[in-house]
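*Asks:* One structure, as structure tokens, below. Some questions next.
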Amino acid sequence: MNEKNKYKIDENTVREKLQEVMDPEIPKLSVVDLGVITGIQIDDENNVSITMTPTFAGCPAVEYMKNDIVEKLSALKAGVVKVDVNYDVQWNSNMITDRGREMLKESGFALPGKHNGLVQIELLQNVECPFCGSKQTDLRSTFGPTQCRAIHYCNNCLQSFEQFKPV
Amino acid sequence: MNGINDFTEIQTEAAKNLLYRLADDQLILGHRNSECTGLGPILEEDIAFSSMAQDKLGHSQALYQLLHNMGEKDPDTIAFTRKVNEYKCCHLVEYPIGEYDFSLMRHFLFDMSEAIRFNMLSSSSFEPLAKIARKFKGELKYHTMHAVTWINQLGTGSGESPFRIQKSLDVCFPLALGIFEPSKYEETLISEKIFFGEKALQEKWLEAVIPVLKNAGLVIPDIENVTAAYGGREGIHTEYLKPLIDEMTEVYKIDTGAEW
């Protein structure tokens with residue numbers, strides 16, 4: 001077999017393909033931009049192993065994303081695709097990429113404030129309304145429809161909105 | 001730093017005992033909190049308790065998974081097939097949800113201890129546990145923020161709310177002290193720097209909860225005259241645990257391979 005012609009998958013190709021794996025609850029946001037992909041390894045036989053870290057320990061979307069990763073990467077003519085979910089790297093909301101933040105905004109979410117590892121209550125106050133941009137807003141509940149969302153109310157445009165929580 | 005394979009037999013036993021205690025607390029309180037779904041006094045509280053239930057079940061799963069990595073059975077088998085006296089949860093988490101004030105006070109007292117416990121554990125010499133603890137810490141921040149806000153609201157509120165929240169404190173306090181029931185492994189855990197120990201945790205917990213309770217205008221029960229509700233960590237449980245486990249495992253017992 002001619003070694004030069006041997007088909008070899010590289011990390012960038014995998015990363016690009018992973019852009020097609022979306023958070024099932026925020027379909028514009030990919031797992032890469034969400035920041036949950038913490039490792040990509042490809043061996044000589046094109047077997048791909050992905051390491052992923054959950055946003056929240058009890059996140060029910062992890063299993064779905066895991067299966068979707070296997071399905072999407074298999075289309076690359078990869079060998080065996082494995083996804084290992086662990087806490088070696090612990091996810092926090094600072095790990096969402098700039099493009100991810102853009103997508104969150106487009107999806108109608110207020111953004112999580114950047115922090116230095118410690119989330120203080122101030123980060124949840126006067127959050128910018130994703131609809132009108134006003135900061136005249138009140139935190140209504142630190143818990144929302146999913147583990148990663150908080151609920152706020154905008155006193156300017158009089159609407160409730162959700163924030164992707166700073167964690 | 002220790003991995004799973006660096007432990008001696010006694011260290012493994014001590015670490016497993018600690019993990020079972022932590023995981024069982026999470027599983028049982030997670031289940032109790034989920035019973036609040038649809039019963040919260042306002043929609044936001046309904047959502048908060050359901051969300052925290054989901055967090056707790058997630059935490060129990062991660063801890064059971066770590067036990068599985070240490071040679072125990074898989075998480076579902078551990079969670080659903082043990083006998084009642086094999087569970088190591090404390091009595092506080094076993095009680096029915098009662099009225100909102102009870103569930104709220106339990107959530108406050110328990111989650112304040114959890115936040116401190118996982119903060120301590122994030123520097124554990126047992127690296128796999130330290131990693132999980134670092135993750136849980138961030139999530140627990142929201143639980144304590146929530147609890148402190150409402151304890152303050154109800155304690156300083158008008159009408160019957162201060163009386164009810166005081167009554168709940170009096171009921172929950174001895175139960176909460178049961179969280180810190182020491183095990184026979186305390187010395188090993190402390191000397192191996194796996195965990196600073198239940199006694200140290202209880203002290204830090206008191207330092208954290210007393211100011212919040214005082215701020216809310218509540219009277220702190222006299223700790224010297226309170227009998228801590230011990231027994232849970234040794235498998236001696238309240239009458240409430242068995243019916244809960246029976247209900248929790250009903251589907252699993254009918255069809256162990258059921259998927260949903």
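Chain labels follow the order of the structure tokens: the first chain is A, the next B, and so on; residue numbering restarts at 1 in every chain, and ligands are counted from 1 in their shown order.
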Could you give me, as a list in words, the residues within 12 Å of Glu45 in chain B, counting only C-alpha atoms and dropping anything in the same chain fewer than 5 positions from it?
*Replies:*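 Within the cut-off, the hits are Arg140, Ser141, Thr142, Phe143, Gly144 and Pro145 of chain A; Asn33, Ser34, Cys36, Thr37, Gly38, Leu39, Gly40, Ser50, Ser51, Met52, Tyr100, Asp101, Ser103, Leu104, His143, His146, Ala147, Thr149 and Trp150 of chain B.
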*Asks:* Please write the residues from the selection above to a file, keeping C-alpha atoms, as an mmCIF file, in the first residue's frame.
*Replies:*
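Once everything was written out, this is part_18.cif:
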```cif
data_model
loop_
_atom_site.group_PDB
_atom_site.id
_atom_site.type_symbol
_atom_site.label_atom_id
_atom_site.label_comp_id
_atom_site.auth_asym_id
_atom_site.auth_seq_id
_atom_site.Cartn_x
_atom_site.Cartn_y
_atom_site.Cartn_z
ATOM 1 C CA ARG A 140 -36.346 36.567 38.999
ATOM 2 C CA SER A 141 -34.935 33.107 39.627
ATOM 3 C CA THR A 142 -31.500 31.525 39.525
ATOM 4 C CA PHE A 143 -33.203 28.381 38.233
ATOM 5 C CA GLY A 144 -34.877 28.103 34.854
ATOM 6 C CA PRO A 145 -36.281 25.584 32.387
ATOM 7 C CA ASN B 33 -36.693 17.386 46.032
ATOM 8 C CA SER B 34 -38.203 15.988 42.849
ATOM 9 C CA CYS B 36 -41.757 19.048 45.170
ATOM 10 C CA THR B 37 -42.322 19.281 41.416
ATOM 11 C CA GLY B 38 -45.824 20.627 40.904
ATOM 12 C CA LEU B 39 -46.219 21.469 44.590
ATOM 13 C CA GLY B 40 -44.066 24.588 44.960
ATOM 14 C CA SER B 50 -36.946 20.446 40.392
ATOM 15 C CA SER B 51 -33.692 21.882 39.068
ATOM 16 C CA MET B 52 -31.835 21.183 42.295
ATOM 17 C CA TYR B 100 -42.543 24.140 52.002
ATOM 18 C CA ASP B 101 -40.871 25.589 55.119
ATOM 19 C CA SER B 103 -38.184 21.443 52.576
ATOM 20 C CA LEU B 104 -36.620 24.885 52.391
ATOM 21 C CA HIS B 143 -28.222 26.164 45.670
ATOM 22 C CA HIS B 146 -31.219 30.300 46.587
ATOM 23 C CA ALA B 147 -31.470 28.916 50.107
ATOM 24 C CA THR B 149 -32.298 34.335 49.923
ATOM 25 C CA TRP B 150 -35.448 32.498 50.980
#
```
*Asks:* Please report as a compact mmCIF listing (two decimals) with all heavy atoms, in the first residue's frame which residues of chain A come no farther than 10 Å from chain B, using only C-alpha atoms.
*Replies:*
```txt
# COMPACT_ATOMS: atom_id res chain seq x y z
N THR A 53 -16.70 17.07 28.58
CA THR A 53 -16.98 17.36 29.98
C THR A 53 -18.39 17.96 30.09
O THR A 53 -18.73 18.82 29.29
CB THR A 53 -15.88 18.28 30.57
OG1 THR A 53 -16.06 18.38 31.98
CG2 THR A 53 -15.89 19.68 29.98
N PRO A 54 -19.21 17.49 31.01
CA PRO A 54 -20.59 18.00 31.07
C PRO A 54 -20.65 19.45 31.55
O PRO A 54 -19.83 19.86 32.38
CB PRO A 54 -21.28 17.10 32.09
CG PRO A 54 -20.32 16.01 32.42
CD PRO A 54 -18.97 16.47 32.05
N THR A 55 -21.62 20.20 31.04
CA THR A 55 -21.82 21.57 31.55
C THR A 55 -22.30 21.50 33.00
O THR A 55 -21.82 22.20 33.86
CB THR A 55 -22.88 22.32 30.72
OG1 THR A 55 -24.04 21.49 30.61
CG2 THR A 55 -22.37 22.68 29.35
N PHE A 56 -23.27 20.61 33.24
CA PHE A 56 -23.78 20.35 34.59
C PHE A 56 -23.76 18.83 34.79
O PHE A 56 -24.04 18.09 33.85
CB PHE A 56 -25.21 20.87 34.76
CG PHE A 56 -25.26 22.35 35.03
CD1 PHE A 56 -25.04 23.25 34.00
CD2 PHE A 56 -25.53 22.83 36.30
CE1 PHE A 56 -25.08 24.62 34.24
CE2 PHE A 56 -25.57 24.20 36.54
CZ PHE A 56 -25.34 25.10 35.51
N ALA A 57 -23.45 18.41 36.01
CA ALA A 57 -23.32 16.97 36.26
C ALA A 57 -24.57 16.20 35.85
O ALA A 57 -24.49 15.09 35.34
CB ALA A 57 -22.99 16.72 37.74
N GLY A 58 -25.73 16.80 36.07
CA GLY A 58 -26.96 16.06 35.79
C GLY A 58 -27.58 16.39 34.44
O GLY A 58 -28.76 16.14 34.22
N CYS A 59 -26.79 16.96 33.53
CA CYS A 59 -27.35 17.41 32.25
C CYS A 59 -27.83 16.22 31.41
O CYS A 59 -27.05 15.35 31.05
CB CYS A 59 -26.31 18.20 31.46
SG CYS A 59 -26.94 18.70 29.85
N PRO A 60 -29.14 16.19 31.11
CA PRO A 60 -29.68 15.04 30.37
C PRO A 60 -29.29 15.07 28.89
O PRO A 60 -29.51 14.08 28.18
CB PRO A 60 -31.20 15.19 30.55
CG PRO A 60 -31.43 16.63 30.82
CD PRO A 60 -30.18 17.17 31.46
N ASN A 86 -15.85 12.76 31.06
CA ASN A 86 -15.26 12.79 32.41
C ASN A 86 -15.03 14.21 32.91
O ASN A 86 -15.31 15.18 32.20
CB ASN A 86 -13.95 11.97 32.44
CG ASN A 86 -12.86 12.59 31.60
OD1 ASN A 86 -12.69 13.81 31.59
ND2 ASN A 86 -12.11 11.75 30.89
N TYR A 87 -14.55 14.30 34.13
CA TYR A 87 -14.39 15.61 34.78
C TYR A 87 -12.92 16.03 34.89
O TYR A 87 -12.58 16.86 35.72
CB TYR A 87 -15.02 15.58 36.18
CG TYR A 87 -16.51 15.37 36.15
CD1 TYR A 87 -17.06 14.09 36.21
CD2 TYR A 87 -17.37 16.45 36.03
CE1 TYR A 87 -18.43 13.90 36.17
CE2 TYR A 87 -18.74 16.27 35.99
CZ TYR A 87 -19.26 14.99 36.06
OH TYR A 87 -20.62 14.80 36.02
N ASP A 88 -12.06 15.44 34.04
CA ASP A 88 -10.64 15.81 34.11
C ASP A 88 -10.46 17.30 33.91
O ASP A 88 -9.64 17.94 34.57
CB ASP A 88 -9.83 15.02 33.06
CG ASP A 88 -9.68 13.56 33.49
OD1 ASP A 88 -10.05 13.25 34.64
OD2 ASP A 88 -9.22 12.74 32.68
N VAL A 89 -11.19 17.85 32.96
CA VAL A 89 -11.28 19.31 32.83
C VAL A 89 -12.71 19.66 33.25
O VAL A 89 -13.65 19.04 32.78
CB VAL A 89 -11.05 19.77 31.38
CG1 VAL A 89 -11.21 21.27 31.26
CG2 VAL A 89 -9.67 19.33 30.89
N GLN A 90 -12.85 20.60 34.17
CA GLN A 90 -14.20 20.95 34.63
C GLN A 90 -14.73 22.14 33.86
O GLN A 90 -14.09 23.18 33.82
CB GLN A 90 -14.19 21.24 36.13
CG GLN A 90 -13.71 20.07 36.98
CD GLN A 90 -12.25 20.22 37.39
OE1 GLN A 90 -11.83 21.31 37.73
NE2 GLN A 90 -11.48 19.15 37.35
N TRP A 91 -15.90 21.96 33.27
CA TRP A 91 -16.48 23.01 32.44
C TRP A 91 -16.86 24.23 33.27
O TRP A 91 -17.30 24.11 34.41
CB TRP A 91 -17.74 22.47 31.74
CG TRP A 91 -18.37 23.46 30.79
CD1 TRP A 91 -18.03 23.64 29.47
CD2 TRP A 91 -19.42 24.38 31.07
NE1 TRP A 91 -18.82 24.64 28.93
CE2 TRP A 91 -19.68 25.10 29.89
CE3 TRP A 91 -20.17 24.68 32.21
CZ2 TRP A 91 -20.66 26.09 29.80
CZ3 TRP A 91 -21.15 25.68 32.13
CH2 TRP A 91 -21.39 26.38 30.94
N ASN A 92 -16.65 25.41 32.70
CA ASN A 92 -17.27 26.61 33.25
C ASN A 92 -17.70 27.49 32.09
O ASN A 92 -17.26 27.28 30.94
CB ASN A 92 -16.32 27.35 34.23
CG ASN A 92 -15.11 27.90 33.52
OD1 ASN A 92 -15.23 28.74 32.62
ND2 ASN A 92 -13.94 27.42 33.89
N GLY A 117 -13.59 32.54 38.20
CA GLY A 117 -13.70 31.26 38.88
C GLY A 117 -14.72 31.30 40.00
O GLY A 117 -15.24 30.29 40.42
N LEU A 118 -15.00 32.49 40.50
CA LEU A 118 -15.97 32.64 41.58
C LEU A 118 -17.17 33.45 41.07
O LEU A 118 -17.03 34.61 40.73
CB LEU A 118 -15.34 33.40 42.74
CG LEU A 118 -14.59 32.59 43.79
CD1 LEU A 118 -13.99 33.52 44.82
CD2 LEU A 118 -15.51 31.58 44.46
N VAL A 119 -18.33 32.80 41.04
CA VAL A 119 -19.52 33.52 40.60
C VAL A 119 -20.14 34.23 41.79
O VAL A 119 -20.49 33.61 42.78
CB VAL A 119 -20.54 32.55 39.97
CG1 VAL A 119 -21.84 33.26 39.67
CG2 VAL A 119 -19.96 31.95 38.69
N GLN A 120 -20.24 35.54 41.71
CA GLN A 120 -20.89 36.31 42.78
C GLN A 120 -22.26 36.74 42.30
O GLN A 120 -22.52 36.82 41.11
CB GLN A 120 -20.05 37.55 43.14
CG GLN A 120 -18.61 37.24 43.55
CD GLN A 120 -18.51 36.45 44.85
OE1 GLN A 120 -19.50 36.23 45.54
NE2 GLN A 120 -17.31 36.00 45.17
N ILE A 121 -23.13 37.06 43.25
CA ILE A 121 -24.50 37.44 42.94
C ILE A 121 -24.56 38.63 41.97
O ILE A 121 -25.45 38.73 41.13
CB ILE A 121 -25.31 37.72 44.24
CG1 ILE A 121 -26.80 37.97 43.95
CG2 ILE A 121 -24.73 38.85 45.05
CD1 ILE A 121 -27.65 36.73 43.95
N ARG A 140 -35.12 37.14 38.43
CA ARG A 140 -36.35 36.57 39.00
C ARG A 140 -36.08 35.22 39.67
O ARG A 140 -36.64 34.90 40.69
CB ARG A 140 -37.41 36.40 37.91
CG ARG A 140 -38.14 37.67 37.57
CD ARG A 140 -39.07 38.07 38.71
NE ARG A 140 -39.41 39.47 38.71
CZ ARG A 140 -40.44 39.98 38.07
NH1 ARG A 140 -41.22 39.23 37.36
NH2 ARG A 140 -40.68 41.28 38.12
N SER A 141 -35.25 34.40 39.02
CA SER A 141 -34.94 33.11 39.63
C SER A 141 -33.61 32.60 39.07
O SER A 141 -33.36 32.71 37.88
CB SER A 141 -36.05 32.10 39.33
OG SER A 141 -35.66 30.82 39.79
N THR A 142 -32.79 32.07 39.98
CA THR A 142 -31.50 31.52 39.52
C THR A 142 -31.69 30.16 38.88
O THR A 142 -30.75 29.54 38.43
CB THR A 142 -30.51 31.38 40.69
OG1 THR A 142 -31.18 30.72 41.76
CG2 THR A 142 -30.00 32.73 41.15
N PHE A 143 -32.93 29.66 38.90
CA PHE A 143 -33.20 28.38 38.23
C PHE A 143 -34.22 28.60 37.12
O PHE A 143 -35.17 29.36 37.29
CB PHE A 143 -33.73 27.36 39.24
CG PHE A 143 -32.71 27.01 40.29
CD1 PHE A 143 -32.73 27.62 41.53
CD2 PHE A 143 -31.70 26.10 40.01
CE1 PHE A 143 -31.78 27.31 42.50
CE2 PHE A 143 -30.74 25.79 40.97
CZ PHE A 143 -30.79 26.40 42.21
N GLY A 144 -33.99 27.93 36.00
CA GLY A 144 -34.88 28.10 34.85
C GLY A 144 -35.30 26.78 34.28
O GLY A 144 -35.21 25.74 34.94
N PRO A 145 -35.76 26.81 33.00
CA PRO A 145 -36.28 25.58 32.39
C PRO A 145 -35.24 24.48 32.20
O PRO A 145 -35.60 23.32 32.07
CB PRO A 145 -36.82 26.05 31.04
CG PRO A 145 -36.25 27.39 30.81
CD PRO A 145 -35.93 27.98 32.13
N THR A 146 -33.97 24.83 32.15
CA THR A 146 -32.93 23.80 32.17
C THR A 146 -31.91 24.21 33.22
O THR A 146 -31.91 25.35 33.68
CB THR A 146 -32.20 23.63 30.81
OG1 THR A 146 -31.42 24.81 30.57
CG2 THR A 146 -33.16 23.42 29.66
N GLN A 147 -31.03 23.27 33.58
CA GLN A 147 -30.07 23.54 34.67
C GLN A 147 -29.18 24.75 34.38
O GLN A 147 -28.71 25.40 35.30
CB GLN A 147 -29.17 22.31 34.86
CG GLN A 147 -29.86 21.17 35.54
CD GLN A 147 -29.02 19.92 35.46
OE1 GLN A 147 -28.64 19.49 34.37
NE2 GLN A 147 -28.70 19.33 36.58
N CYS A 148 -28.96 25.04 33.09
CA CYS A 148 -27.99 26.10 32.75
C CYS A 148 -28.64 27.47 32.56
O CYS A 148 -27.98 28.39 32.09
CB CYS A 148 -27.19 25.69 31.53
SG CYS A 148 -28.21 25.12 30.16
N ALA A 150 -31.02 30.92 33.95
CA ALA A 150 -31.67 31.69 35.00
C ALA A 150 -32.74 32.56 34.34
O ALA A 150 -32.68 32.82 33.13
CB ALA A 150 -30.65 32.57 35.72
N ILE A 151 -33.72 33.02 35.14
CA ILE A 151 -34.81 33.83 34.58
C ILE A 151 -34.72 35.27 35.09
O ILE A 151 -34.55 35.51 36.29
CB ILE A 151 -36.19 33.24 34.96
CG1 ILE A 151 -36.26 31.77 34.49
CG2 ILE A 151 -37.32 34.04 34.33
CD1 ILE A 151 -37.50 31.05 35.00
N LYS A 165 -26.53 30.77 32.45
CA LYS A 165 -25.93 31.09 33.75
C LYS A 165 -24.41 31.15 33.75
O LYS A 165 -23.78 30.27 33.18
CB LYS A 165 -26.27 29.97 34.73
CG LYS A 165 -27.54 30.07 35.46
CD LYS A 165 -27.56 28.89 36.43
CE LYS A 165 -28.94 28.59 36.89
NZ LYS A 165 -28.99 27.36 37.70
N PRO A 166 -23.87 32.13 34.47
CA PRO A 166 -22.42 32.05 34.71
C PRO A 166 -22.15 30.94 35.73
O PRO A 166 -22.78 30.89 36.78
CB PRO A 166 -22.08 33.42 35.29
CG PRO A 166 -23.36 33.96 35.82
CD PRO A 166 -24.48 33.30 35.07
N VAL A 167 -21.27 30.04 35.40
CA VAL A 167 -20.92 28.94 36.32
C VAL A 167 -19.42 28.87 36.45
O VAL A 167 -18.72 28.98 35.45
CB VAL A 167 -21.43 27.57 35.81
CG1 VAL A 167 -21.05 26.48 36.81
CG2 VAL A 167 -22.91 27.59 35.60
```
*Asks:* So what do you get for CA of Val84 in chain B versus CA of Ile236 in chain B, distance-wise?
*Replies:*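 Distance between the two atoms: 8.6 Å.
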*Asks:* Measure the distance from CA of Asp33 in chain A to CA of Leu18 in chain A in Å and round it to one decimal.
*Replies:*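 Result for CA of Asp33 in chain A versus CA of Leu18 in chain A: 9.5 Å, one decimal.
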*Asks:* Can you measure CA of Val219 in chain B to CA of Gln166 in chain B for me? One decimal in Å is fine.
*Replies:*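 One can read the CA of Val219 in chain B to CA of Gln166 in chain B distance as 7.2 Å.
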*Asks:* Report as a list in words all protein, DNA and RNA residues lying within 9 Å of range 73-76 of chain A, evaluated on only C-alpha atoms, omitting residues in the same chain fewer than 4 positions from it.
*Replies:* Ile9, Thr13, Val14, Lys17, Leu18, Val48, Asp68, Ile69, Val80 and Val81 of chain A
*Asks:* Near Lys199 in chain B, within 10 Å and counting only C-alpha atoms, which residues show up once chain neighbours fewer than 3 positions away are dropped, as a PyMOL selection string?
*Replies:* chain B and resi 180-182+186+196+202-205
*Asks:* Name the residues of range 27-174 of chain B that fall into helix (DSSP H, G or I) according to DSSP on the backbone, using the chain letters and numbers of this document, as a PyMOL selection string.
*Replies:* chain B and resi 27-34+43-69+75-81+84-86+91-93+100-121+127-155+161-174
*Asks:* Using only C-alpha atoms, pick whichever of B:Thr249, B:Thr227, B:Ser158, B:Asn69 has the shortest atom-to-atom distance to Ala176 in chain B.
*Replies:*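 Closest residue, counting only C-alpha atoms: B:Thr227.
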*Asks:* Go through chain A and collect every residue that DSSP, computed from the backbone, puts in strand (DSSP E); the answer should be as an NGL selection string.
*Replies:* :A and (22-23 or 26-30 or 37-42 or 48-52 or 81-85 or 109-110 or 137-141 or 149-154 or 159-164)
